[in-house]
Amino acid sequence: MESSGGTGQPYRAYASEDVVTGEGVAVELPVAGTMVRAVSGLIDVVVEVVLLVGVAFGVGWLTAQTSDAVATAVGLVATVLVLVAFPATVETLTRGRTLGKLALGLRVVRDDGGPITVRHAITRALVGFVEIWLLSGIPPLVSSVVNARGKRLGDLAAGTYVVTQRSRMRLLPPPQMPLPLAAWAVSADVAALPAGLTVTVRQFLARAASLAPGSRDAIGRELATEVLRFVAPAPPAGFHPEYVLAAVIAERRRRDTERLAREDALRRRVVGADPLA
């Protein structure tokens, strides 16, 4: 177990790389494997090679009566358009899908799980031009093997990764309210917890049974101490730290759910239903 090191946030030592929603819900998106990404990339490379061949014939026909310098300049511009502008445009318009990814059910998403923007797509395309075309695709293969999320260098630069849409994403099960602590939790002042702390507690409660007894007890007590900084009054004495953690997280989830429902109802009354929904 790592200590807080004086930071006041010891829970960060236990946090994983799960995607975190605005309500502090941990979502484990299914990361695409290296081989399926390689096949997807190969399909995209074939498509771009076909485009390059077609563009080369077109450039040759258009510059047949011009100087070699003009022909070279036009050829370079056309190459950049095919190898950089084309994939960036496709990924932007399709929210992270190319022909190869579409064929294999893949999509590029941001590190927080949201859809990519033009900035992410351009960064991926620029780095991809170097690592795929100039370096023969070796760096992205090595990077995707050693990275936990299968990221190539373009993903590392853009803050993205590739997920598969042919597997269901996994939600860590929410903790249930312990009945003996329900009355205390409902009446207590439970402030909003930091997203990292919420995720860490949920991960700990979901996986506590797999931990060694000593580590489980130490982590549970440390997390309970951190969580109770946001709760008043303190829970009744004599309850195990895991029961206290479950009660706080379950109550915070209930309140957040009710708040979101109220906000949605208010928005519908004021703005009305979305006609395109």
# chains A, B, ... in the order shown; residues from 1 in each chain; ligands from 1

call {"tool": "residues_around", "arguments": {"residues": "range 227-242 of chain A", "least_positions_apart": "4", "cutoff": "7 Å", "atoms": "only C-alpha atoms", "output": "tab-separated table (two decimals) with N, CA, C and O atoms, in the first residue's frame"}}
result
chain	number	residue	atom	x	y	z
A	184	TRP	N	-28.70	6.72	8.91
A	184	TRP	CA	-27.61	7.69	9.11
A	184	TRP	C	-27.23	8.34	7.79
A	184	TRP	O	-27.08	9.57	7.72
A	188	ALA	N	-27.35	12.36	6.89
A	188	ALA	CA	-26.02	12.97	6.98
A	188	ALA	C	-25.81	13.98	5.87
A	188	ALA	O	-26.46	13.96	4.83
A	189	ASP	N	-24.89	14.91	6.12
A	189	ASP	CA	-24.47	15.88	5.10
A	189	ASP	C	-23.31	15.24	4.33
A	189	ASP	O	-22.20	15.15	4.83
A	190	VAL	N	-23.60	14.75	3.13
A	190	VAL	CA	-22.60	14.05	2.31
A	190	VAL	C	-22.23	14.95	1.14
A	190	VAL	O	-23.00	15.10	0.19
A	191	ALA	N	-21.07	15.57	1.21
A	191	ALA	CA	-20.62	16.45	0.13
A	191	ALA	C	-20.21	15.62	-1.08
A	191	ALA	O	-19.95	14.41	-0.97
A	193	LEU	N	-17.96	13.93	-3.55
A	193	LEU	CA	-16.59	13.42	-3.43
A	193	LEU	C	-15.81	13.70	-4.71
A	193	LEU	O	-16.39	13.77	-5.80
A	220	GLY	N	-9.06	-0.32	3.21
A	220	GLY	CA	-10.41	0.06	3.59
A	220	GLY	C	-10.42	1.14	4.65
A	220	GLY	O	-11.18	2.11	4.57
A	221	ARG	N	-9.57	1.01	5.66
A	221	ARG	CA	-9.52	2.02	6.72
A	221	ARG	C	-9.00	3.35	6.20
A	221	ARG	O	-9.50	4.42	6.58
A	223	LEU	N	-9.19	4.50	3.09
A	223	LEU	CA	-10.21	5.11	2.24
A	223	LEU	C	-11.38	5.65	3.08
A	223	LEU	O	-11.93	6.72	2.78
A	246	ALA	N	-19.56	1.82	1.51
A	246	ALA	CA	-20.70	1.46	0.67
A	246	ALA	C	-21.87	2.40	0.93
A	246	ALA	O	-22.57	2.83	-0.01

call {"tool": "closest_atom_pairs", "arguments": {"of": "range 144-222 of chain A", "to": "range 101-122 of chain A", "cutoff": "7 Å", "atoms": "only C-alpha atoms", "output": "Markdown table"}}
result
| residue | atom | partner | partner_atom | distance |
| --- | --- | --- | --- | --- |
| A:Ala158 | CA | A:His120 | CA | 5.1 |
| A:Gly159 | CA | A:Asp111 | CA | 5.6 |
| A:Thr160 | CA | A:Arg110 | CA | 4.2 |
| A:Tyr161 | CA | A:Val108 | CA | 5.7 |
| A:Val162 | CA | A:Val108 | CA | 4.4 |
| A:Val163 | CA | A:Arg107 | CA | 5.5 |
| A:Thr164 | CA | A:Leu106 | CA | 4.5 |
| A:Gln165 | CA | A:Gly105 | CA | 5.3 |
| A:Arg166 | CA | A:Gly105 | CA | 5.9 |

call {"tool": "select_by_dssp", "arguments": {"residues": "range 41-123 of chain A", "states": "strand (DSSP E)", "output": "VMD selection string"}}
result
chain A and resid 106 to 110

call {"tool": "select_by_dssp", "arguments": {"residues": "range 124-274 of chain A", "states": "helix (DSSP H, G or I)", "output": "PyMOL selection string"}}
result
chain A and resi 124-134+138-146+153-158+179-187+195-210+213-230+241-271

call {"tool": "closest_residue", "arguments": {"among": "A:Ala157, A:Thr123, A:Ala71, A:Gln176", "to": "Phe57 in chain A", "atoms": "only C-alpha atoms"}}
result
A:Ala71

call {"tool": "residues_around", "arguments": {"residues": "range 46-55 of chain A", "least_positions_apart": "4", "cutoff": "12 Å", "atoms": "only C-alpha atoms", "output": "mmCIF file with all heavy atoms, in the first residue's frame"}}
result
data_model
loop_
_atom_site.group_PDB
_atom_site.id
_atom_site.type_symbol
_atom_site.label_atom_id
_atom_site.label_comp_id
_atom_site.auth_asym_id
_atom_site.auth_seq_id
_atom_site.Cartn_x
_atom_site.Cartn_y
_atom_site.Cartn_z
ATOM 1 N N VAL A 39 -4.981 -5.163 -38.254
ATOM 2 C CA VAL A 39 -5.775 -5.483 -39.445
ATOM 3 C C VAL A 39 -6.543 -4.250 -39.912
ATOM 4 O O VAL A 39 -6.620 -3.958 -41.113
ATOM 5 C CB VAL A 39 -6.737 -6.647 -39.142
ATOM 6 C CG1 VAL A 39 -7.656 -6.890 -40.336
ATOM 7 C CG2 VAL A 39 -5.954 -7.911 -38.810
ATOM 8 N N SER A 40 -7.116 -3.524 -38.972
ATOM 9 C CA SER A 40 -7.824 -2.294 -39.319
ATOM 10 C C SER A 40 -6.897 -1.301 -39.994
ATOM 11 O O SER A 40 -7.248 -0.683 -41.009
ATOM 12 C CB SER A 40 -8.428 -1.671 -38.054
ATOM 13 O OG SER A 40 -8.888 -0.361 -38.302
ATOM 14 N N GLY A 41 -5.689 -1.151 -39.439
ATOM 15 C CA GLY A 41 -4.725 -0.234 -40.043
ATOM 16 C C GLY A 41 -4.296 -0.683 -41.425
ATOM 17 O O GLY A 41 -4.084 0.151 -42.319
ATOM 18 N N LEU A 42 -4.175 -1.997 -41.620
ATOM 19 C CA LEU A 42 -3.797 -2.515 -42.935
ATOM 20 C C LEU A 42 -4.869 -2.190 -43.974
ATOM 21 O O LEU A 42 -4.549 -1.821 -45.118
ATOM 22 C CB LEU A 42 -3.572 -4.018 -42.845
ATOM 23 C CG LEU A 42 -3.120 -4.713 -44.139
ATOM 24 C CD1 LEU A 42 -1.782 -4.135 -44.611
ATOM 25 C CD2 LEU A 42 -3.003 -6.218 -43.931
ATOM 26 N N VAL A 59 -2.304 13.587 -61.097
ATOM 27 C CA VAL A 59 -1.255 14.614 -61.055
ATOM 28 C C VAL A 59 -0.395 14.550 -62.302
ATOM 29 O O VAL A 59 -0.026 15.575 -62.890
ATOM 30 C CB VAL A 59 -0.409 14.450 -59.778
ATOM 31 C CG1 VAL A 59 0.836 15.329 -59.844
ATOM 32 C CG2 VAL A 59 -1.232 14.789 -58.546
ATOM 33 N N GLY A 60 -0.062 13.322 -62.712
ATOM 34 C CA GLY A 60 0.740 13.183 -63.930
ATOM 35 C C GLY A 60 0.051 13.757 -65.156
ATOM 36 O O GLY A 60 0.686 14.398 -66.011
ATOM 37 N N TRP A 61 -1.266 13.543 -65.242
ATOM 38 C CA TRP A 61 -2.016 14.075 -66.391
ATOM 39 C C TRP A 61 -2.108 15.596 -66.340
ATOM 40 O O TRP A 61 -1.952 16.281 -67.341
ATOM 41 C CB TRP A 61 -3.403 13.460 -66.394
ATOM 42 C CG TRP A 61 -4.261 13.946 -67.525
ATOM 43 C CD1 TRP A 61 -4.197 13.577 -68.836
ATOM 44 C CD2 TRP A 61 -5.324 14.905 -67.429
ATOM 45 N NE1 TRP A 61 -5.133 14.240 -69.575
ATOM 46 C CE2 TRP A 61 -5.849 15.066 -68.729
ATOM 47 C CE3 TRP A 61 -5.876 15.627 -66.376
ATOM 48 C CZ2 TRP A 61 -6.901 15.940 -69.000
ATOM 49 C CZ3 TRP A 61 -6.923 16.476 -66.639
ATOM 50 C CH2 TRP A 61 -7.429 16.632 -67.937
ATOM 51 N N LEU A 62 -2.343 16.142 -65.109
ATOM 52 C CA LEU A 62 -2.487 17.592 -64.972
ATOM 53 C C LEU A 62 -1.184 18.340 -65.177
ATOM 54 O O LEU A 62 -1.178 19.486 -65.635
ATOM 55 C CB LEU A 62 -3.058 17.931 -63.588
ATOM 56 C CG LEU A 62 -4.518 17.532 -63.326
ATOM 57 C CD1 LEU A 62 -4.892 17.784 -61.881
ATOM 58 C CD2 LEU A 62 -5.451 18.308 -64.260
ATOM 59 N N THR A 63 -0.061 17.718 -64.820
ATOM 60 C CA THR A 63 1.232 18.422 -64.886
ATOM 61 C C THR A 63 2.085 17.946 -66.054
ATOM 62 O O THR A 63 3.299 18.178 -66.071
ATOM 63 C CB THR A 63 1.998 18.200 -63.568
ATOM 64 O OG1 THR A 63 2.221 16.787 -63.371
ATOM 65 C CG2 THR A 63 1.220 18.756 -62.389
ATOM 66 N N VAL A 74 3.155 19.723 -56.810
ATOM 67 C CA VAL A 74 1.772 19.254 -56.827
ATOM 68 C C VAL A 74 1.689 17.834 -56.276
ATOM 69 O O VAL A 74 0.764 17.481 -55.534
ATOM 70 C CB VAL A 74 1.198 19.317 -58.250
ATOM 71 C CG1 VAL A 74 -0.180 18.671 -58.309
ATOM 72 C CG2 VAL A 74 1.126 20.755 -58.738
ATOM 73 N N GLY A 75 2.665 17.009 -56.614
ATOM 74 C CA GLY A 75 2.676 15.641 -56.107
ATOM 75 C C GLY A 75 2.815 15.588 -54.595
ATOM 76 O O GLY A 75 2.153 14.777 -53.928
ATOM 77 N N LEU A 76 3.656 16.469 -54.026
ATOM 78 C CA LEU A 76 3.829 16.506 -52.568
ATOM 79 C C LEU A 76 2.538 16.946 -51.873
ATOM 80 O O LEU A 76 2.132 16.366 -50.861
ATOM 81 C CB LEU A 76 4.982 17.445 -52.198
ATOM 82 C CG LEU A 76 6.385 16.939 -52.508
ATOM 83 C CD1 LEU A 76 7.427 18.016 -52.201
ATOM 84 C CD2 LEU A 76 6.701 15.673 -51.709
ATOM 85 N N VAL A 77 1.904 17.966 -52.439
ATOM 86 C CA VAL A 77 0.650 18.442 -51.858
ATOM 87 C C VAL A 77 -0.411 17.345 -51.914
ATOM 88 O O VAL A 77 -1.138 17.102 -50.936
ATOM 89 C CB VAL A 77 0.157 19.702 -52.589
ATOM 90 C CG1 VAL A 77 -1.257 20.068 -52.127
ATOM 91 C CG2 VAL A 77 1.111 20.861 -52.350
ATOM 92 N N ALA A 78 -0.492 16.668 -53.040
ATOM 93 C CA ALA A 78 -1.476 15.597 -53.186
ATOM 94 C C ALA A 78 -1.200 14.465 -52.210
ATOM 95 O O ALA A 78 -2.128 13.878 -51.630
ATOM 96 C CB ALA A 78 -1.469 15.078 -54.617
ATOM 97 N N THR A 79 0.074 14.140 -51.998
ATOM 98 C CA THR A 79 0.435 13.079 -51.057
ATOM 99 C C THR A 79 0.034 13.430 -49.635
ATOM 100 O O THR A 79 -0.511 12.591 -48.896
ATOM 101 C CB THR A 79 1.948 12.810 -51.118
ATOM 102 O OG1 THR A 79 2.315 12.406 -52.440
ATOM 103 C CG2 THR A 79 2.348 11.726 -50.130
ATOM 104 N N VAL A 80 0.286 14.676 -49.241
ATOM 105 C CA VAL A 80 -0.100 15.125 -47.898
ATOM 106 C C VAL A 80 -1.624 15.079 -47.732
ATOM 107 O O VAL A 80 -2.137 14.678 -46.691
ATOM 108 C CB VAL A 80 0.433 16.544 -47.631
ATOM 109 C CG1 VAL A 80 -0.152 17.100 -46.331
ATOM 110 C CG2 VAL A 80 1.952 16.539 -47.559
ATOM 111 N N LEU A 81 -2.325 15.473 -48.780
ATOM 112 C CA LEU A 81 -3.790 15.442 -48.717
ATOM 113 C C LEU A 81 -4.312 14.017 -48.515
ATOM 114 O O LEU A 81 -5.239 13.782 -47.733
ATOM 115 C CB LEU A 81 -4.393 16.042 -49.986
ATOM 116 C CG LEU A 81 -4.249 17.554 -50.157
ATOM 117 C CD1 LEU A 81 -4.792 17.990 -51.507
ATOM 118 C CD2 LEU A 81 -4.977 18.294 -49.031
ATOM 119 N N VAL A 82 -3.696 13.058 -49.203
ATOM 120 C CA VAL A 82 -4.162 11.675 -49.116
ATOM 121 C C VAL A 82 -3.760 11.034 -47.791
ATOM 122 O O VAL A 82 -4.563 10.332 -47.152
ATOM 123 C CB VAL A 82 -3.614 10.850 -50.296
ATOM 124 C CG1 VAL A 82 -3.921 9.363 -50.101
ATOM 125 C CG2 VAL A 82 -4.206 11.332 -51.601
ATOM 126 N N LEU A 83 -2.527 11.270 -47.343
ATOM 127 C CA LEU A 83 -2.013 10.559 -46.174
ATOM 128 C C LEU A 83 -2.265 11.263 -44.851
ATOM 129 O O LEU A 83 -2.173 10.625 -43.791
ATOM 130 C CB LEU A 83 -0.505 10.322 -46.338
ATOM 131 C CG LEU A 83 -0.082 9.502 -47.562
ATOM 132 C CD1 LEU A 83 1.415 9.256 -47.533
ATOM 133 C CD2 LEU A 83 -0.842 8.191 -47.622
ATOM 134 N N VAL A 84 -2.564 12.551 -44.886
ATOM 135 C CA VAL A 84 -2.815 13.294 -43.644
ATOM 136 C C VAL A 84 -4.228 13.879 -43.619
ATOM 137 O O VAL A 84 -5.009 13.605 -42.710
ATOM 138 C CB VAL A 84 -1.773 14.412 -43.452
ATOM 139 C CG1 VAL A 84 -2.089 15.221 -42.179
ATOM 140 C CG2 VAL A 84 -0.370 13.841 -43.368
ATOM 141 N N ALA A 85 -4.550 14.685 -44.625
ATOM 142 C CA ALA A 85 -5.856 15.354 -44.618
ATOM 143 C C ALA A 85 -7.013 14.360 -44.754
ATOM 144 O O ALA A 85 -8.042 14.501 -44.084
ATOM 145 C CB ALA A 85 -5.913 16.385 -45.748
ATOM 146 N N PHE A 86 -6.848 13.356 -45.611
ATOM 147 C CA PHE A 86 -7.928 12.396 -45.827
ATOM 148 C C PHE A 86 -8.279 11.616 -44.558
ATOM 149 O O PHE A 86 -9.449 11.594 -44.137
ATOM 150 C CB PHE A 86 -7.575 11.447 -46.970
ATOM 151 C CG PHE A 86 -8.538 10.312 -47.152
ATOM 152 C CD1 PHE A 86 -9.804 10.534 -47.674
ATOM 153 C CD2 PHE A 86 -8.187 9.010 -46.790
ATOM 154 C CE1 PHE A 86 -10.701 9.487 -47.835
ATOM 155 C CE2 PHE A 86 -9.066 7.967 -46.943
ATOM 156 C CZ PHE A 86 -10.331 8.203 -47.476
ATOM 157 N N PRO A 87 -7.311 10.945 -43.889
ATOM 158 C CA PRO A 87 -7.688 10.207 -42.666
ATOM 159 C C PRO A 87 -8.187 11.114 -41.556
ATOM 160 O O PRO A 87 -9.091 10.736 -40.799
ATOM 161 C CB PRO A 87 -6.398 9.483 -42.267
ATOM 162 C CG PRO A 87 -5.308 10.213 -42.961
ATOM 163 C CD PRO A 87 -5.891 10.739 -44.227
ATOM 164 N N VAL A 90 -11.813 12.012 -42.414
ATOM 165 C CA VAL A 90 -12.717 10.870 -42.222
ATOM 166 C C VAL A 90 -12.965 10.618 -40.740
ATOM 167 O O VAL A 90 -14.117 10.430 -40.313
ATOM 168 C CB VAL A 90 -12.135 9.611 -42.899
ATOM 169 C CG1 VAL A 90 -12.953 8.379 -42.522
ATOM 170 C CG2 VAL A 90 -12.104 9.787 -44.410
ATOM 171 N N THR A 98 -12.635 4.978 -39.364
ATOM 172 C CA THR A 98 -12.168 4.916 -40.744
ATOM 173 C C THR A 98 -12.789 3.679 -41.382
ATOM 174 O O THR A 98 -13.527 2.938 -40.725
ATOM 175 C CB THR A 98 -10.637 4.830 -40.787
ATOM 176 O OG1 THR A 98 -10.223 3.639 -40.073
ATOM 177 C CG2 THR A 98 -9.987 6.054 -40.138
ATOM 178 N N LEU A 99 -12.474 3.443 -42.645
ATOM 179 C CA LEU A 99 -13.028 2.255 -43.295
ATOM 180 C C LEU A 99 -12.578 0.978 -42.587
ATOM 181 O O LEU A 99 -13.360 0.042 -42.401
ATOM 182 C CB LEU A 99 -12.618 2.227 -44.764
ATOM 183 C CG LEU A 99 -13.263 3.306 -45.656
ATOM 184 C CD1 LEU A 99 -12.736 3.201 -47.075
ATOM 185 C CD2 LEU A 99 -14.780 3.152 -45.641
ATOM 186 N N GLY A 100 -11.302 0.938 -42.205
ATOM 187 C CA GLY A 100 -10.808 -0.240 -41.496
ATOM 188 C C GLY A 100 -11.477 -0.425 -40.148
ATOM 189 O O GLY A 100 -11.845 -1.541 -39.763
ATOM 190 N N PHE A 129 1.479 9.700 -40.053
ATOM 191 C CA PHE A 129 2.262 9.815 -41.290
ATOM 192 C C PHE A 129 3.719 9.427 -41.033
ATOM 193 O O PHE A 129 4.346 8.734 -41.838
ATOM 194 C CB PHE A 129 2.185 11.244 -41.825
ATOM 195 C CG PHE A 129 3.046 11.485 -43.026
ATOM 196 C CD1 PHE A 129 2.669 11.029 -44.279
ATOM 197 C CD2 PHE A 129 4.260 12.159 -42.911
ATOM 198 C CE1 PHE A 129 3.460 11.248 -45.388
ATOM 199 C CE2 PHE A 129 5.062 12.384 -44.014
ATOM 200 C CZ PHE A 129 4.661 11.916 -45.263
ATOM 201 N N ILE A 132 3.768 5.446 -39.393
ATOM 202 C CA ILE A 132 3.276 4.383 -40.266
ATOM 203 C C ILE A 132 3.965 4.402 -41.621
ATOM 204 O O ILE A 132 4.460 3.375 -42.102
ATOM 205 C CB ILE A 132 1.743 4.503 -40.437
ATOM 206 C CG1 ILE A 132 1.054 4.266 -39.100
ATOM 207 C CG2 ILE A 132 1.243 3.504 -41.488
ATOM 208 C CD1 ILE A 132 -0.447 4.486 -39.128
ATOM 209 N N TRP A 133 4.024 5.575 -42.243
ATOM 210 C CA TRP A 133 4.553 5.649 -43.594
ATOM 211 C C TRP A 133 6.067 5.826 -43.634
ATOM 212 O O TRP A 133 6.742 5.173 -44.442
ATOM 213 C CB TRP A 133 3.875 6.781 -44.369
ATOM 214 C CG TRP A 133 2.424 6.520 -44.606
ATOM 215 C CD1 TRP A 133 1.366 7.017 -43.903
ATOM 216 C CD2 TRP A 133 1.867 5.657 -45.601
ATOM 217 N NE1 TRP A 133 0.187 6.540 -44.382
ATOM 218 C CE2 TRP A 133 0.453 5.700 -45.434
ATOM 219 C CE3 TRP A 133 2.400 4.877 -46.613
ATOM 220 C CZ2 TRP A 133 -0.412 4.974 -46.254
ATOM 221 C CZ3 TRP A 133 1.535 4.164 -47.427
ATOM 222 C CH2 TRP A 133 0.159 4.212 -47.245
#

call {"tool": "residues_around", "arguments": {"residues": "range 137-148 of chain A", "least_positions_apart": "3", "cutoff": "12 Å", "atoms": "only C-alpha atoms", "output": "CSV table (one decimal) with N, CA and C atoms, in the first residue's frame"}}
result
chain,number,residue,atom,x,y,z
A,16,SER,N,-7.2,3.3,-11.0
A,16,SER,CA,-6.8,2.7,-12.3
A,16,SER,C,-7.1,3.6,-13.4
A,17,GLU,N,-7.0,3.2,-14.7
A,17,GLU,CA,-7.2,4.0,-15.8
A,17,GLU,C,-8.6,3.9,-16.4
A,18,ASP,N,-9.6,3.6,-15.5
A,18,ASP,CA,-10.9,3.5,-16.0
A,18,ASP,C,-11.4,4.9,-16.4
A,30,PRO,N,-14.1,-1.4,-23.6
A,30,PRO,CA,-13.3,-2.5,-24.1
A,30,PRO,C,-12.3,-2.0,-25.1
A,31,VAL,N,-11.0,-2.1,-24.7
A,31,VAL,CA,-9.9,-1.7,-25.5
A,31,VAL,C,-9.7,-2.6,-26.7
A,32,ALA,N,-9.5,-2.1,-27.8
A,32,ALA,CA,-9.2,-2.9,-29.0
A,32,ALA,C,-7.8,-3.6,-28.9
A,33,GLY,N,-7.7,-4.8,-29.3
A,33,GLY,CA,-6.5,-5.6,-29.2
A,33,GLY,C,-5.5,-5.1,-30.3
A,34,THR,N,-4.3,-5.5,-30.1
A,34,THR,CA,-3.2,-5.1,-31.1
A,34,THR,C,-3.5,-5.7,-32.5
A,35,MET,N,-3.8,-7.0,-32.5
A,35,MET,CA,-4.0,-7.6,-33.8
A,35,MET,C,-5.2,-7.0,-34.6
A,36,VAL,N,-6.3,-6.8,-33.9
A,36,VAL,CA,-7.4,-6.3,-34.6
A,36,VAL,C,-7.2,-4.8,-35.1
A,37,ARG,N,-6.4,-4.1,-34.3
A,37,ARG,CA,-6.0,-2.8,-34.7
A,37,ARG,C,-5.1,-2.8,-35.9
A,38,ALA,N,-4.2,-3.8,-35.9
A,38,ALA,CA,-3.2,-4.0,-37.1
A,38,ALA,C,-4.0,-4.3,-38.3
A,39,VAL,N,-5.0,-5.2,-38.3
A,39,VAL,CA,-5.8,-5.5,-39.4
A,39,VAL,C,-6.5,-4.3,-39.9
A,41,GLY,N,-5.7,-1.2,-39.4
A,41,GLY,CA,-4.7,-0.2,-40.0
A,41,GLY,C,-4.3,-0.7,-41.4
A,42,LEU,N,-4.2,-2.0,-41.6
A,42,LEU,CA,-3.8,-2.5,-42.9
A,42,LEU,C,-4.9,-2.2,-44.0
A,45,VAL,N,-4.5,1.4,-44.8
A,45,VAL,CA,-3.3,1.6,-45.7
A,45,VAL,C,-3.6,1.2,-47.1
A,124,ARG,N,-3.4,12.7,-34.7
A,124,ARG,CA,-3.2,11.3,-35.0
A,124,ARG,C,-2.7,11.1,-36.4
A,127,VAL,N,1.1,12.4,-36.7
A,127,VAL,CA,2.0,11.4,-36.1
A,127,VAL,C,1.9,10.1,-36.9
A,128,GLY,N,0.8,9.8,-37.3
A,128,GLY,CA,0.6,8.5,-38.1
A,128,GLY,C,1.4,8.6,-39.4
A,129,PHE,N,1.5,9.7,-40.1
A,129,PHE,CA,2.3,9.8,-41.3
A,129,PHE,C,3.7,9.4,-41.0
A,130,VAL,N,4.2,9.9,-39.9
A,130,VAL,CA,5.6,9.6,-39.6
A,130,VAL,C,5.8,8.1,-39.1
A,131,GLU,N,5.0,7.6,-38.2
A,131,GLU,CA,5.2,6.3,-37.6
A,131,GLU,C,4.7,5.2,-38.5
A,132,ILE,N,3.8,5.4,-39.4
A,132,ILE,CA,3.3,4.4,-40.3
A,132,ILE,C,4.0,4.4,-41.6
A,133,TRP,N,4.0,5.6,-42.2
A,133,TRP,CA,4.6,5.6,-43.6
A,133,TRP,C,6.1,5.8,-43.6
A,134,LEU,N,6.6,6.7,-42.8
A,134,LEU,CA,8.1,6.9,-42.8
A,134,LEU,C,8.9,5.9,-42.1
A,151,LYS,N,-2.2,1.9,-27.1
A,151,LYS,CA,-2.0,3.1,-27.8
A,151,LYS,C,-0.8,3.1,-28.7
A,152,ARG,N,-1.0,3.7,-29.9
A,152,ARG,CA,0.2,4.0,-30.8
A,152,ARG,C,0.7,5.4,-30.4
A,153,LEU,N,1.8,5.8,-31.1
A,153,LEU,CA,2.3,7.1,-30.7
A,153,LEU,C,1.3,8.2,-31.0
A,154,GLY,N,0.6,8.1,-32.1
A,154,GLY,CA,-0.4,9.1,-32.4
A,154,GLY,C,-1.5,9.2,-31.3
A,155,ASP,N,-1.8,8.1,-30.7
A,155,ASP,CA,-2.8,8.2,-29.6
A,155,ASP,C,-2.2,8.8,-28.4
A,156,LEU,N,-1.0,8.5,-28.1
A,156,LEU,CA,-0.3,9.2,-27.0
A,156,LEU,C,-0.2,10.7,-27.1
A,161,TYR,N,-7.5,6.7,-27.6
A,161,TYR,CA,-7.2,5.3,-27.7
A,161,TYR,C,-8.4,4.7,-28.5
A,162,VAL,N,-8.2,3.4,-28.9
A,162,VAL,CA,-9.2,2.7,-29.8
A,162,VAL,C,-10.0,1.7,-29.0

call {"tool": "closest_residue", "arguments": {"among": "A:Leu260, A:Ala125, A:Gly58, A:Ile219", "to": "Thr92 in chain A", "atoms": "only C-alpha atoms"}}
result
A:Ala125

call {"tool": "closest_residue", "arguments": {"among": "A:Tyr243, A:Asp217, A:Val199, A:Glu222", "to": "Pro180 in chain A", "atoms": "only C-alpha atoms"}}
result
A:Tyr243

call {"tool": "closest_residue", "arguments": {"among": "A:Glu91, A:Ala265, A:Pro174, A:Leu126", "to": "Leu205 in chain A", "atoms": "only C-alpha atoms"}}
result
A:Pro174

call {"tool": "atom_distance", "arguments": {"atom1": "CA of Glu258 in chain A", "atom2": "CA of Thr225 in chain A"}}
result
26.5 Å

call {"tool": "atom_distance", "arguments": {"atom1": "CA of Met177 in chain A", "atom2": "CA of Ala192 in chain A"}}
result
17.1 Å
